file start-v7.txt (compact mmCIF, C-alpha atoms)
# COMPACT_ATOMS: atom_id res chain seq x y z
CA MET A 1 27.57 5.61 -1.18
CA SER A 2 28.44 1.99 -1.90
CA ASN A 3 27.21 0.53 -5.19
CA ALA A 4 25.65 3.84 -6.18
CA ALA A 5 26.64 6.30 -8.86
CA ALA A 6 24.95 9.64 -9.57
CA THR A 7 24.57 11.26 -12.97
CA THR A 8 24.22 15.02 -13.22
CA GLN A 9 23.18 15.43 -16.83
CA GLY A 10 19.49 15.33 -15.94
CA LEU A 11 16.92 12.57 -15.89
CA ARG A 12 17.86 9.52 -17.90
CA ARG A 13 14.75 8.26 -19.65
CA PRO A 14 13.66 4.97 -18.05
CA GLU A 15 12.21 2.58 -20.58
CA VAL A 16 9.18 1.53 -18.57
CA THR A 17 7.70 4.82 -17.40
CA GLY A 18 7.50 7.29 -20.25
CA PHE A 19 9.03 10.02 -18.07
CA GLY A 20 11.28 12.49 -19.82
CA GLN A 21 8.94 12.57 -22.83
CA ALA A 22 6.88 15.54 -23.94
CA PRO A 23 4.36 16.47 -21.20
CA GLY A 24 1.31 15.16 -23.03
CA ARG A 25 2.94 11.83 -23.82
CA GLN A 26 4.18 11.56 -20.25
CA GLU A 27 0.69 11.80 -18.79
CA ALA A 28 -0.67 9.54 -21.53
CA ALA A 29 1.82 6.88 -20.52
CA LEU A 30 0.61 7.16 -16.94
CA GLN A 31 -2.98 6.82 -18.10
CA ALA A 32 -2.04 3.68 -20.01
CA ARG A 33 -0.59 2.22 -16.83
CA ARG A 34 -3.76 3.07 -14.92
CA LEU A 35 -5.83 1.31 -17.57
CA ALA A 36 -3.58 -1.71 -17.29
CA LEU A 37 -4.07 -1.71 -13.51
CA ASP A 38 -7.83 -1.61 -14.03
CA ALA A 39 -7.43 -4.68 -16.22
CA TRP A 40 -6.18 -6.71 -13.24
CA ARG A 41 -9.66 -7.13 -11.86
CA SER A 42 -11.64 -7.03 -15.08
CA PRO A 43 -13.31 -10.10 -16.57
CA ARG A 44 -10.86 -12.11 -18.62
CA ARG A 45 -12.52 -11.32 -21.94
CA THR A 46 -11.97 -7.57 -21.41
CA ARG A 47 -8.39 -7.60 -20.11
CA ILE A 48 -6.77 -7.70 -23.53
CA ALA A 49 -9.04 -4.92 -24.79
CA LEU A 50 -8.16 -2.68 -21.85
CA VAL A 51 -4.45 -3.21 -22.32
CA VAL A 52 -4.70 -2.46 -26.05
CA VAL A 53 -6.66 0.73 -25.33
CA GLY A 54 -4.00 1.67 -22.80
CA MET A 55 -1.26 1.29 -25.37
CA LEU A 56 -3.19 3.38 -27.86
CA CYS A 57 -3.48 6.15 -25.27
CA ILE A 58 0.29 6.58 -25.38
CA ARG A 59 -0.02 8.06 -28.85
CA ASN A 60 -2.53 10.75 -27.86
CA GLU A 61 -1.99 14.10 -26.18
CA VAL A 62 -3.80 14.07 -22.82
CA PRO A 63 -4.12 17.32 -20.87
CA ALA A 64 -3.85 16.64 -17.13
CA GLN A 65 -1.98 17.53 -13.99
CA TYR A 66 1.46 15.99 -13.79
CA LEU A 67 2.92 13.65 -11.21
CA THR A 68 6.35 15.00 -12.15
CA ARG A 69 7.81 18.34 -13.19
CA PRO A 70 9.90 17.61 -16.30
CA GLN A 71 10.96 21.24 -16.67
CA ILE A 72 13.21 21.19 -13.56
CA PRO A 73 16.70 19.62 -13.27
CA TRP A 74 16.65 15.89 -12.56
CA ARG A 75 19.28 13.45 -11.34
CA THR A 76 19.68 9.66 -11.34
CA ILE A 77 21.20 7.29 -8.80
CA THR A 78 21.81 3.70 -9.87
CA THR A 79 22.14 0.89 -7.33
CA ALA A 80 22.32 -2.89 -7.67
CA ARG A 81 18.53 -3.22 -8.05
CA PHE A 82 17.18 0.28 -8.63
CA ASP A 83 17.29 3.24 -10.99
CA ILE A 84 16.25 6.17 -8.81
CA HIS A 85 15.24 9.42 -10.54
CA PHE A 86 14.68 12.60 -8.55
CA PRO A 87 14.64 16.41 -8.81
CA ALA A 88 17.93 18.04 -7.91
CA GLU A 89 16.21 19.87 -5.04
CA LEU A 90 15.42 16.51 -3.38
CA GLU A 91 18.93 15.08 -3.67
CA GLU A 92 19.71 15.03 0.06
CA TRP A 93 16.52 13.13 0.93
CA THR A 94 16.93 10.76 -2.01
CA ARG A 95 20.54 9.90 -1.25
CA GLY A 96 19.59 8.96 2.29
CA VAL A 97 16.97 6.52 0.99
CA ALA A 98 18.99 5.26 -1.99
CA GLY A 99 21.89 4.22 0.21
CA ARG A 100 19.62 1.74 1.99
CA MET A 101 17.23 0.65 -0.78
CA ASP A 102 19.15 -2.51 -1.67
CA ARG A 103 19.22 -3.62 1.97
CA TYR A 104 15.51 -2.98 2.28
CA ALA A 105 14.87 -4.94 -0.91
CA GLN A 106 16.91 -7.95 0.16
CA ALA A 107 15.17 -8.19 3.54
CA VAL A 108 11.68 -7.69 2.10
CA SER A 109 12.25 -10.17 -0.76
CA GLU A 110 13.39 -12.83 1.70
CA ALA A 111 10.28 -12.28 3.82
CA ALA A 112 7.92 -12.26 0.83
CA GLY A 113 9.55 -15.25 -0.87
CA ASN A 114 10.04 -13.43 -4.16
CA GLU A 115 12.28 -10.90 -5.87
CA PRO A 116 11.30 -9.14 -9.11
CA SER A 117 13.27 -10.34 -12.12
CA ALA A 118 13.54 -6.84 -13.60
CA ARG A 119 15.21 -3.72 -12.28
CA VAL A 120 12.93 -1.39 -10.37
CA THR A 121 12.49 2.24 -11.39
CA VAL A 122 11.94 4.66 -8.51
CA ILE A 123 10.57 8.16 -9.07
CA VAL A 124 11.06 10.59 -6.18
CA GLU A 125 8.87 13.67 -6.49
CA ASP A 126 6.84 16.00 -4.28
CA PRO A 127 4.05 17.24 -6.58
CA SER A 128 1.39 18.01 -3.97
CA ASN A 129 3.17 18.34 -0.61
CA VAL A 130 1.34 15.21 0.54
CA ALA A 131 2.71 12.16 2.36
CA ASN A 132 2.15 9.28 -0.03
CA GLY A 133 3.63 6.76 -2.40
CA PHE A 134 2.49 4.00 -4.71
CA ALA A 135 3.81 1.08 -6.71
CA LEU A 136 3.10 -0.28 -10.20
CA PRO A 137 4.09 -3.97 -10.13
CA PHE A 138 4.59 -4.61 -13.84
CA MET A 139 6.57 -7.79 -14.37
CA GLU A 140 8.82 -6.36 -17.08
CA GLY A 141 9.56 -3.10 -15.27
CA PRO A 142 8.16 -2.31 -11.80
CA VAL A 143 7.84 1.34 -10.82
CA ILE A 144 7.74 2.94 -7.36
CA PHE A 145 6.76 6.54 -6.62
CA LEU A 146 8.02 8.07 -3.37
CA TRP A 147 6.70 11.42 -2.13
CA PRO A 148 9.12 12.76 0.50
CA THR A 149 6.71 14.96 2.50
CA PRO A 150 6.37 13.18 5.88
CA PRO A 151 2.96 12.54 7.45
CA SER A 152 1.69 14.67 10.29
CA PRO A 153 2.03 13.06 13.73
CA SER A 154 -0.75 10.53 14.03
CA PRO A 155 -1.45 7.72 16.50
CA THR A 156 -2.91 5.68 13.62
CA PHE A 157 0.28 5.72 11.58
CA GLY A 158 2.57 5.36 14.58
CA ALA A 159 6.21 6.22 15.09
CA HIS A 160 8.99 5.70 12.56
CA ARG A 161 12.74 6.20 12.42
CA GLY A 162 12.37 8.08 9.16
CA TRP A 163 9.60 8.58 6.64
CA GLY A 164 11.87 7.45 3.81
CA GLU A 165 12.45 4.06 5.44
CA ALA A 166 8.78 3.38 6.19
CA LEU A 167 7.69 4.52 2.73
CA ALA A 168 10.36 2.64 0.78
CA VAL A 169 9.78 -0.61 2.68
CA HIS A 170 6.00 -0.42 2.24
CA GLU A 171 6.13 0.30 -1.48
CA TYR A 172 8.83 -2.25 -2.25
CA ALA A 173 6.77 -4.80 -0.33
CA HIS A 174 4.09 -4.30 -2.99
CA ILE A 175 6.64 -5.03 -5.71
CA ALA A 176 8.01 -8.19 -4.09
CA HIS A 177 4.53 -9.43 -3.23
CA LEU A 178 2.83 -8.66 -6.54
CA THR A 179 5.46 -9.86 -9.03
CA PHE A 180 5.30 -13.61 -8.38
CA PRO A 181 5.55 -15.09 -11.90
CA THR A 182 2.89 -17.50 -13.05
CA ARG A 183 3.89 -21.16 -13.31
CA ASN A 184 0.97 -22.01 -15.57
CA PRO A 185 2.34 -22.56 -19.13
CA ARG A 186 -0.81 -21.44 -20.93
CA GLU A 187 -1.18 -18.31 -18.84
CA ARG A 188 2.50 -17.49 -19.24
CA PHE A 189 2.25 -17.86 -23.03
CA LEU A 190 -0.81 -15.61 -23.28
CA TRP A 191 0.60 -12.88 -21.07
CA ASN A 192 3.88 -12.90 -22.99
CA LEU A 193 1.88 -11.79 -26.04
CA LEU A 194 0.78 -8.63 -24.25
CA PRO A 195 2.83 -5.46 -23.76
CA VAL A 196 2.16 -5.44 -20.01
CA ARG A 197 2.46 -8.54 -17.84
CA ILE A 198 0.75 -8.73 -14.45
CA SER A 199 1.36 -11.39 -11.81
CA PRO A 200 -1.53 -13.71 -10.90
CA VAL A 201 -1.07 -12.61 -7.29
CA ALA A 202 -1.73 -8.99 -8.28
CA ARG A 203 -4.75 -9.99 -10.36
CA LYS A 204 -6.37 -12.20 -7.72
CA ALA A 205 -5.55 -10.62 -4.36
CA PRO A 206 -8.24 -8.41 -2.77
CA ALA A 207 -7.29 -4.86 -1.83
CA TRP A 208 -7.16 -5.72 1.88
CA VAL A 209 -4.53 -8.38 1.14
CA ILE A 210 -2.44 -6.06 -1.04
CA GLU A 211 -2.37 -3.20 1.46
CA GLY A 212 -2.55 -5.35 4.57
CA TYR A 213 0.52 -7.37 3.57
CA ALA A 214 2.59 -4.29 2.72
CA THR A 215 1.61 -2.82 6.10
CA LEU A 216 2.56 -6.06 7.85
CA ILE A 217 5.98 -6.00 6.14
CA GLU A 218 6.33 -2.31 7.01
CA GLY A 219 6.06 -3.21 10.68
CA ARG A 220 8.19 -6.35 10.55
CA MET A 221 11.11 -4.72 8.73
CA THR A 222 11.17 -1.44 10.67
CA ALA A 223 9.71 -2.43 14.08
CA ASN A 224 7.62 0.72 13.70
CA GLY A 225 4.74 1.99 11.61
CA ARG A 226 1.08 1.05 11.78
CA PRO A 227 1.42 -2.51 13.13
CA PHE A 228 3.21 -1.11 16.20
CA SER A 229 1.05 1.98 16.61
CA VAL A 230 -1.30 2.57 19.51
CA GLY A 231 -3.72 3.89 16.91
CA ARG A 232 -4.25 0.56 15.18
CA ALA A 233 -4.96 -1.21 18.46
CA ALA A 234 -7.26 1.60 19.61
CA VAL A 235 -9.25 1.68 16.37
CA LEU A 236 -9.76 -2.08 16.29
CA ARG A 237 -10.74 -2.14 19.96
CA GLN A 238 -13.14 0.80 19.79
CA TRP A 239 -14.78 -0.35 16.57
CA ALA A 240 -15.35 -3.77 18.16
CA LEU A 241 -16.82 -2.28 21.35
CA GLU A 242 -19.21 -0.08 19.37
CA GLY A 243 -20.36 -2.94 17.17
CA LYS A 244 -18.91 -1.27 14.07
CA PHE A 245 -16.07 -3.64 13.32
CA PRO A 246 -16.03 -4.10 9.52
CA THR A 247 -17.41 -7.30 8.10
CA TYR A 248 -15.30 -9.25 5.64
CA ALA A 249 -17.28 -7.73 2.77
CA GLN A 250 -16.51 -4.23 4.10
CA LEU A 251 -12.73 -4.65 4.34
CA ASN A 252 -12.17 -3.19 0.88
CA GLY A 253 -14.67 -0.36 1.35
CA THR A 254 -14.00 3.34 1.74
CA GLY A 255 -17.40 4.77 2.68
CA ALA A 256 -17.51 4.84 6.48
CA PHE A 257 -15.27 6.91 8.75
CA LEU A 258 -11.72 5.55 8.39
CA GLY A 259 -13.19 3.04 5.94
CA GLY A 260 -10.29 3.40 3.54
CA ASN A 261 -7.86 2.67 6.36
CA MET A 262 -9.39 -0.69 7.23
CA ARG A 263 -7.52 -2.53 4.49
CA TYR A 264 -4.30 -1.31 6.14
CA LEU A 265 -5.22 -1.56 9.83
CA VAL A 266 -7.58 -4.53 9.97
CA GLY A 267 -6.01 -6.21 6.93
CA SER A 268 -2.54 -6.27 8.49
CA ALA A 269 -3.92 -7.40 11.86
CA PHE A 270 -5.86 -10.26 10.22
CA LEU A 271 -2.78 -11.41 8.29
CA GLU A 272 -0.72 -11.33 11.50
CA TRP A 273 -3.41 -13.43 13.19
CA LEU A 274 -3.24 -15.95 10.36
CA GLN A 275 0.55 -16.15 10.65
CA ASP A 276 0.28 -16.74 14.38
CA ARG A 277 -1.98 -19.71 13.66
CA ARG A 278 -0.05 -21.29 10.76
CA GLY A 279 3.48 -19.88 10.93
CA ASP A 280 5.43 -17.10 9.23
CA SER A 281 5.78 -19.04 5.97
CA SER A 282 2.03 -19.56 5.56
CA LEU A 283 1.53 -16.35 3.59
CA VAL A 284 4.38 -17.24 1.23
CA TYR A 285 2.63 -20.57 0.61
CA LEU A 286 -0.52 -18.60 -0.19
CA TRP A 287 1.25 -16.45 -2.80
CA ARG A 288 2.77 -19.58 -4.35
CA ARG A 289 -0.59 -21.33 -4.59
CA MET A 290 -2.06 -18.25 -6.27
CA SER A 291 0.71 -18.35 -8.90
CA ALA A 292 0.97 -22.15 -9.23
CA ARG A 293 0.72 -24.28 -12.36
CA GLN A 294 -2.82 -25.23 -11.35
CA GLN A 295 -5.05 -22.19 -11.59
CA ARG A 296 -6.86 -21.31 -8.37
CA SER A 297 -8.89 -18.37 -7.16
CA PHE A 298 -7.81 -16.41 -4.10
CA ASP A 299 -10.43 -18.09 -1.92
CA ALA A 300 -9.39 -21.58 -3.07
CA SER A 301 -5.71 -20.80 -2.54
CA PHE A 302 -6.48 -19.38 0.90
CA ALA A 303 -8.50 -22.42 1.97
CA GLY A 304 -5.71 -24.75 0.83
CA VAL A 305 -3.24 -23.05 3.19
CA PHE A 306 -5.40 -22.14 6.19
CA GLY A 307 -8.03 -24.87 6.10
CA ALA A 308 -11.06 -22.61 5.61
CA GLY A 309 -12.14 -19.69 3.48
CA PRO A 310 -11.10 -16.11 4.29
CA GLY A 311 -14.63 -15.09 5.28
CA ASP A 312 -14.95 -17.93 7.79
CA LEU A 313 -11.58 -17.30 9.44
CA TYR A 314 -12.20 -13.57 9.47
CA GLY A 315 -15.27 -14.30 11.59
CA ALA A 316 -13.10 -16.15 14.12
CA PHE A 317 -10.60 -13.29 14.06
CA THR A 318 -13.40 -10.79 14.75
CA VAL A 319 -14.51 -12.78 17.81
CA GLU A 320 -10.98 -12.70 19.23
CA VAL A 321 -10.72 -8.95 18.66
CA MET A 322 -13.99 -8.49 20.53
CA GLU A 323 -12.83 -10.70 23.42
CA ARG A 324 -9.61 -8.74 23.81
CA ALA A 325 -11.44 -5.42 23.60
CA LEU A 326 -13.78 -6.47 26.40
CA GLN A 327 -10.84 -7.63 28.52
CA VAL A 328 -9.08 -4.29 28.09
CA ARG A 329 -12.24 -2.36 28.96
CA SER A 330 -12.72 -4.49 32.07
CA ARG A 331 -9.14 -3.88 33.24
CA LEU A 332 -9.49 -0.14 32.71
CA ARG A 333 -12.70 -0.02 34.71
CA ASP A 334 -11.20 -2.12 37.51
CA ALA A 335 -8.31 0.35 37.66
CA GLY A 336 -10.78 3.18 38.22
CA LEU A 337 -10.01 5.01 34.99
CA VAL A 338 -12.81 7.30 33.84
CA GLU A 339 -13.57 7.60 30.14
CA GLY A 340 -15.25 10.97 30.54
CA GLU A 341 -18.64 12.28 29.48
CA LEU A 342 -19.79 12.01 25.87
CA VAL A 343 -20.46 15.54 24.59
CA GLN A 344 -21.48 14.80 21.03
CA ARG A 345 -21.07 11.89 18.66
CA ARG A 346 -19.74 12.84 15.24
CA SER A 347 -19.85 10.83 12.04
CA GLY A 348 -16.39 11.91 10.87
CA GLY A 349 -13.12 13.29 12.17
CA THR A 350 -12.62 16.42 14.24
CA GLY A 351 -9.71 18.58 15.24
CA GLU A 352 -7.94 18.14 18.55
CA PRO A 353 -9.89 19.89 21.34
CA ALA A 354 -8.55 22.96 23.13
CA LEU A 355 -9.55 23.40 26.78
CA SER A 356 -10.27 26.86 28.19
CA PRO A 357 -8.00 28.07 31.05
CA ASP A 358 -10.74 27.59 33.65
CA GLY A 359 -11.61 24.13 32.33
CA THR A 360 -15.27 24.90 31.69
CA GLN A 361 -15.28 25.07 27.88
CA VAL A 362 -13.82 23.13 24.98
CA ALA A 363 -13.14 24.48 21.47
CA VAL A 364 -13.15 21.98 18.62
CA VAL A 365 -12.82 22.25 14.85
CA LEU A 366 -15.57 20.22 13.18
CA ARG A 367 -14.63 19.10 9.69
CA SER A 368 -17.08 18.10 6.99
CA PRO A 369 -16.24 16.18 3.80
CA GLY A 370 -18.74 18.24 1.82
CA GLY A 371 -18.43 21.69 3.38
CA PRO A 372 -16.21 24.15 5.23
CA SER A 373 -14.85 23.44 8.69
CA ARG A 374 -16.51 25.04 11.72
CA LEU A 375 -15.10 26.10 15.07
CA VAL A 376 -17.49 25.30 17.92
CA VAL A 377 -17.26 25.86 21.65
CA TRP A 378 -18.94 23.56 24.16
call {"tool": "encode", "arguments": {"input": "start-v7.txt", "output": "structure tokens"}}
result
Amino acid sequence: MSNAAATTQGLRRPEVTGFGQAPGRQEAALQARRLALDAWRSPRRTRIALVVVGMLCIRNEVPAQYLTRPQIPWRTITTARFDIHFPAELEEWTRGVAGRMDRYAQAVSEAAGNEPSARVTVIVEDPSNVANGFALPFMEGPVIFLWPTPPSPSPTFGAHRGWGEALAVHEYAHIAHLTFPTRNPRERFLWNLLPVRISPVARKAPAWVIEGYATLIEGRMTANGRPFSVGRAAVLRQWALEGKFPTYAQLNGTGAFLGGNMRYLVGSAFLEWLQDRRGDSSLVYLWRRMSARQQRSFDASFAGVFGAGPGDLYGAFTVEVMERALQVRSRLRDAGLVEGELVQRRSGGTGEPALSPDGTQVAVVLRSPGGPSRLVVW
């Protein structure tokens, strides 16, 4: 592996994460980071208090479930930009990702218009056998968690050449996007007094922007993933036809069916639509205005780049989605395709139906968020 060296003495303690400490202190450090993340969106007068409380938590023993297993053998791979820590049992998967991480980072940083000034710590772990990952974009030491378990086949997520590629690109996109340094002298001075520094982009951007942009980059860098999935197009089209397309105020919500996915699916589609109108560099201009010497809110920064507020342009985007959905439905009907007969409308997800050999009955697993699943036959 070029530019990569592995150590076999176990996990080297990274300065920014608290991993490798006693179990209670390890989880306390994570809780401190979570408190700091909460401080991003808190009123200014409470941010300092939250960060101070977070630092105090590091000194307390906190019983909780762990995101890592410190009792097992760990290894470290060091590349030009990353310190990658992983259990020995995940070495094969990690080496495959580590060998390409620097290339991913260079391409994503060029697209986002920013590269973090500090080295990035990557923790590879599989604590729950769940496909996931997340990023902590601290200016002085960003952290990425990668969980290697791949997702189940899903039209919403789409195809990918490898789960490691899609996951690493998406999470590093968060780091590149959310570590734009502030150019405001007063803000820079005040944040330098604190133990944790957060970019103004991370503090101001709504959730749909944070996840939507990482999803957009995921598609652009890999030519796969959610932006290229049939699932994203189908969800947007069907939600529009049923009059359930999320409003701008609902983009960050999680309540309705697939509500938590809207920041990824609709958010990335809206950002692509904006780029088509104003060019690929328009989003980079937006991040720069959000971190400029002159302090601006997200809405003011957005209007300065795109000529109107996000809510207004989202309305125009919604109209175009509806127009395209109606055009597709018209073409399908003209082609004589039959949608089938509606058996029952459900408020949530169901299992894939199984048809009886004679074609007269259908068995379906009905899942409920608050109760056990049921097998029904129609």
call {"tool": "atom_distance", "arguments": {"input": "start-v7.txt", "atom1": "atom CA of A:Leu265", "atom2": "atom CA of A:Arg232"}}
result
5.8 Å
call {"tool": "closest_residue", "arguments": {"input": "start-v7.txt", "among": "A:His160, A:Met322, A:Pro148, A:Thr182", "to": "A:Arg237", "atoms": "only C-alpha atoms"}}
result
A:Met322
call {"tool": "closest_residue", "arguments": {"input": "start-v7.txt", "among": "A:Thr215, A:Ser291, A:Asn252, A:Gln275", "to": "A:Glu171", "atoms": "all atoms listed in the file"}}
result
A:Thr215
call {"tool": "closest_residue", "arguments": {"input": "start-v7.txt", "among": "A:Ala249, A:Ala300, A:Val122, A:Leu258", "to": "A:Leu236", "atoms": "only C-alpha atoms"}}
result
A:Leu258
call {"tool": "closest_residue", "arguments": {"input": "start-v7.txt", "among": "A:Ala202, A:Val196, A:Leu146, A:Leu90", "to": "A:Trp287", "atoms": "all atoms listed in the file"}}
result
A:Ala202
call {"tool": "closest_residue", "arguments": {"input": "start-v7.txt", "among": "A:Trp163, A:Phe298, A:Trp208, A:Phe86", "to": "A:Met262", "atoms": "all atoms listed in the file"}}
result
A:Trp208
call {"tool": "atom_distance", "arguments": {"input": "start-v7.txt", "atom1": "atom CA of A:Ile198", "atom2": "atom CA of A:Met139"}}
result
5.9 Å
call {"tool": "atom_distance", "arguments": {"input": "start-v7.txt", "atom1": "atom CA of A:Tyr314", "atom2": "atom CA of A:Pro181"}}
result
27.8 Å
call {"tool": "closest_residue", "arguments": {"input": "start-v7.txt", "among": "A:Glu187, A:Leu67, A:Glu341, A:Val169", "to": "A:Arg103", "atoms": "all atoms listed in the file"}}
result
A:Val169
call {"tool": "residues_around", "arguments": {"input": "start-v7.txt", "residues": "A:Ser152", "least_positions_apart": "6", "cutoff": "12 Å", "atoms": "only C-alpha atoms", "output": "PyMOL selection string"}}
result
chain A and resi 129-132+158-160+163
call {"tool": "residues_near_point", "arguments": {"input": "start-v7.txt", "point": "(9.1, 14.0, -6.0)", "cutoff": "10 Å", "atoms": "all atoms listed in the file", "output": "MDAnalysis selection string"}}
result
chainID A and resid 67:69 85:90 94 123:129 133 145:149
call {"tool": "residues_around", "arguments": {"input": "start-v7.txt", "residues": "stretch 219-227 of chain A", "least_positions_apart": "2", "cutoff": "10 Å", "atoms": "only C-alpha atoms", "output": "PyMOL selection string"}}
result
chain A and resi 104+107-108+111+154-163+165-167+169-170+212-217+229-233+264-266+268-269+272
call {"tool": "build_atoms", "arguments": {"input": "start-v7.txt", "residues": "stretch 182-189 of chain A", "atoms": "all heavy atoms", "output": "PDB file, in the frame of the given file"}}
result
ATOM      1  N   THR A 182       3.771 -16.347 -12.917  1.00  0.00           N
ATOM      2  CA  THR A 182       2.890 -17.500 -13.050  1.00  0.00           C
ATOM      3  C   THR A 182       3.690 -18.733 -13.446  1.00  0.00           C
ATOM      4  O   THR A 182       4.651 -18.648 -14.210  1.00  0.00           O
ATOM      5  CB  THR A 182       1.794 -17.234 -14.092  1.00  0.00           C
ATOM      6  OG1 THR A 182       0.965 -18.405 -14.194  1.00  0.00           O
ATOM      7  CG2 THR A 182       2.375 -16.914 -15.457  1.00  0.00           C
ATOM      8  N   ARG A 183       3.279 -19.881 -12.928  1.00  0.00           N
ATOM      9  CA  ARG A 183       3.890 -21.160 -13.310  1.00  0.00           C
ATOM     10  C   ARG A 183       2.981 -21.966 -14.221  1.00  0.00           C
ATOM     11  O   ARG A 183       3.273 -23.123 -14.521  1.00  0.00           O
ATOM     12  CB  ARG A 183       4.249 -21.952 -12.052  1.00  0.00           C
ATOM     13  CG  ARG A 183       5.467 -21.400 -11.315  1.00  0.00           C
ATOM     14  CD  ARG A 183       5.687 -22.117 -10.003  1.00  0.00           C
ATOM     15  NE  ARG A 183       4.762 -21.642  -8.981  1.00  0.00           N
ATOM     16  CZ  ARG A 183       4.402 -22.353  -7.913  1.00  0.00           C
ATOM     17  NH1 ARG A 183       4.850 -23.581  -7.754  1.00  0.00           N
ATOM     18  NH2 ARG A 183       3.575 -21.845  -7.016  1.00  0.00           N
ATOM     19  N   ASN A 184       1.888 -21.348 -14.650  1.00  0.00           N
ATOM     20  CA  ASN A 184       0.970 -22.010 -15.570  1.00  0.00           C
ATOM     21  C   ASN A 184       1.432 -21.750 -17.000  1.00  0.00           C
ATOM     22  O   ASN A 184       1.492 -20.589 -17.427  1.00  0.00           O
ATOM     23  CB  ASN A 184      -0.450 -21.477 -15.361  1.00  0.00           C
ATOM     24  CG  ASN A 184      -1.451 -22.118 -16.284  1.00  0.00           C
ATOM     25  OD1 ASN A 184      -1.587 -21.715 -17.433  1.00  0.00           O
ATOM     26  ND2 ASN A 184      -2.163 -23.121 -15.789  1.00  0.00           N
ATOM     27  N   PRO A 185       1.780 -22.781 -17.783  1.00  0.00           N
ATOM     28  CA  PRO A 185       2.340 -22.560 -19.130  1.00  0.00           C
ATOM     29  C   PRO A 185       1.401 -21.789 -20.050  1.00  0.00           C
ATOM     30  O   PRO A 185       1.844 -20.893 -20.778  1.00  0.00           O
ATOM     31  CB  PRO A 185       2.589 -23.981 -19.641  1.00  0.00           C
ATOM     32  CG  PRO A 185       2.679 -24.830 -18.421  1.00  0.00           C
ATOM     33  CD  PRO A 185       1.744 -24.215 -17.425  1.00  0.00           C
ATOM     34  N   ARG A 186       0.129 -22.122 -20.038  1.00  0.00           N
ATOM     35  CA  ARG A 186      -0.810 -21.440 -20.930  1.00  0.00           C
ATOM     36  C   ARG A 186      -0.937 -19.964 -20.566  1.00  0.00           C
ATOM     37  O   ARG A 186      -0.916 -19.086 -21.433  1.00  0.00           O
ATOM     38  CB  ARG A 186      -2.170 -22.125 -20.863  1.00  0.00           C
ATOM     39  CG  ARG A 186      -3.232 -21.490 -21.752  1.00  0.00           C
ATOM     40  CD  ARG A 186      -4.518 -22.309 -21.708  1.00  0.00           C
ATOM     41  NE  ARG A 186      -5.568 -21.690 -22.504  1.00  0.00           N
ATOM     42  CZ  ARG A 186      -6.411 -20.769 -22.041  1.00  0.00           C
ATOM     43  NH1 ARG A 186      -6.308 -20.376 -20.768  1.00  0.00           N
ATOM     44  NH2 ARG A 186      -7.339 -20.245 -22.817  1.00  0.00           N
ATOM     45  N   GLU A 187      -1.058 -19.699 -19.283  1.00  0.00           N
ATOM     46  CA  GLU A 187      -1.180 -18.310 -18.840  1.00  0.00           C
ATOM     47  C   GLU A 187       0.090 -17.530 -19.149  1.00  0.00           C
ATOM     48  O   GLU A 187       0.036 -16.375 -19.581  1.00  0.00           O
ATOM     49  CB  GLU A 187      -1.471 -18.290 -17.333  1.00  0.00           C
ATOM     50  CG  GLU A 187      -1.808 -16.927 -16.786  1.00  0.00           C
ATOM     51  CD  GLU A 187      -2.210 -16.995 -15.326  1.00  0.00           C
ATOM     52  OE1 GLU A 187      -1.300 -17.011 -14.467  1.00  0.00           O
ATOM     53  OE2 GLU A 187      -3.412 -17.053 -15.036  1.00  0.00           O
ATOM     54  N   ARG A 188       1.236 -18.164 -18.945  1.00  0.00           N
ATOM     55  CA  ARG A 188       2.500 -17.490 -19.240  1.00  0.00           C
ATOM     56  C   ARG A 188       2.612 -17.167 -20.724  1.00  0.00           C
ATOM     57  O   ARG A 188       3.050 -16.076 -21.104  1.00  0.00           O
ATOM     58  CB  ARG A 188       3.666 -18.378 -18.795  1.00  0.00           C
ATOM     59  CG  ARG A 188       5.030 -17.728 -18.957  1.00  0.00           C
ATOM     60  CD  ARG A 188       6.102 -18.489 -18.198  1.00  0.00           C
ATOM     61  NE  ARG A 188       6.176 -19.888 -18.609  1.00  0.00           N
ATOM     62  CZ  ARG A 188       5.903 -20.910 -17.808  1.00  0.00           C
ATOM     63  NH1 ARG A 188       5.527 -20.697 -16.554  1.00  0.00           N
ATOM     64  NH2 ARG A 188       6.004 -22.153 -18.249  1.00  0.00           N
ATOM     65  N   PHE A 189       2.191 -18.090 -21.591  1.00  0.00           N
ATOM     66  CA  PHE A 189       2.250 -17.860 -23.030  1.00  0.00           C
ATOM     67  C   PHE A 189       1.351 -16.687 -23.429  1.00  0.00           C
ATOM     68  O   PHE A 189       1.762 -15.801 -24.187  1.00  0.00           O
ATOM     69  CB  PHE A 189       1.824 -19.130 -23.773  1.00  0.00           C
ATOM     70  CG  PHE A 189       1.645 -18.934 -25.251  1.00  0.00           C
ATOM     71  CD1 PHE A 189       2.743 -18.859 -26.100  1.00  0.00           C
ATOM     72  CD2 PHE A 189       0.372 -18.804 -25.797  1.00  0.00           C
ATOM     73  CE1 PHE A 189       2.576 -18.664 -27.465  1.00  0.00           C
ATOM     74  CE2 PHE A 189       0.194 -18.610 -27.153  1.00  0.00           C
ATOM     75  CZ  PHE A 189       1.306 -18.539 -27.992  1.00  0.00           C
TER      76      PHE A 189
END
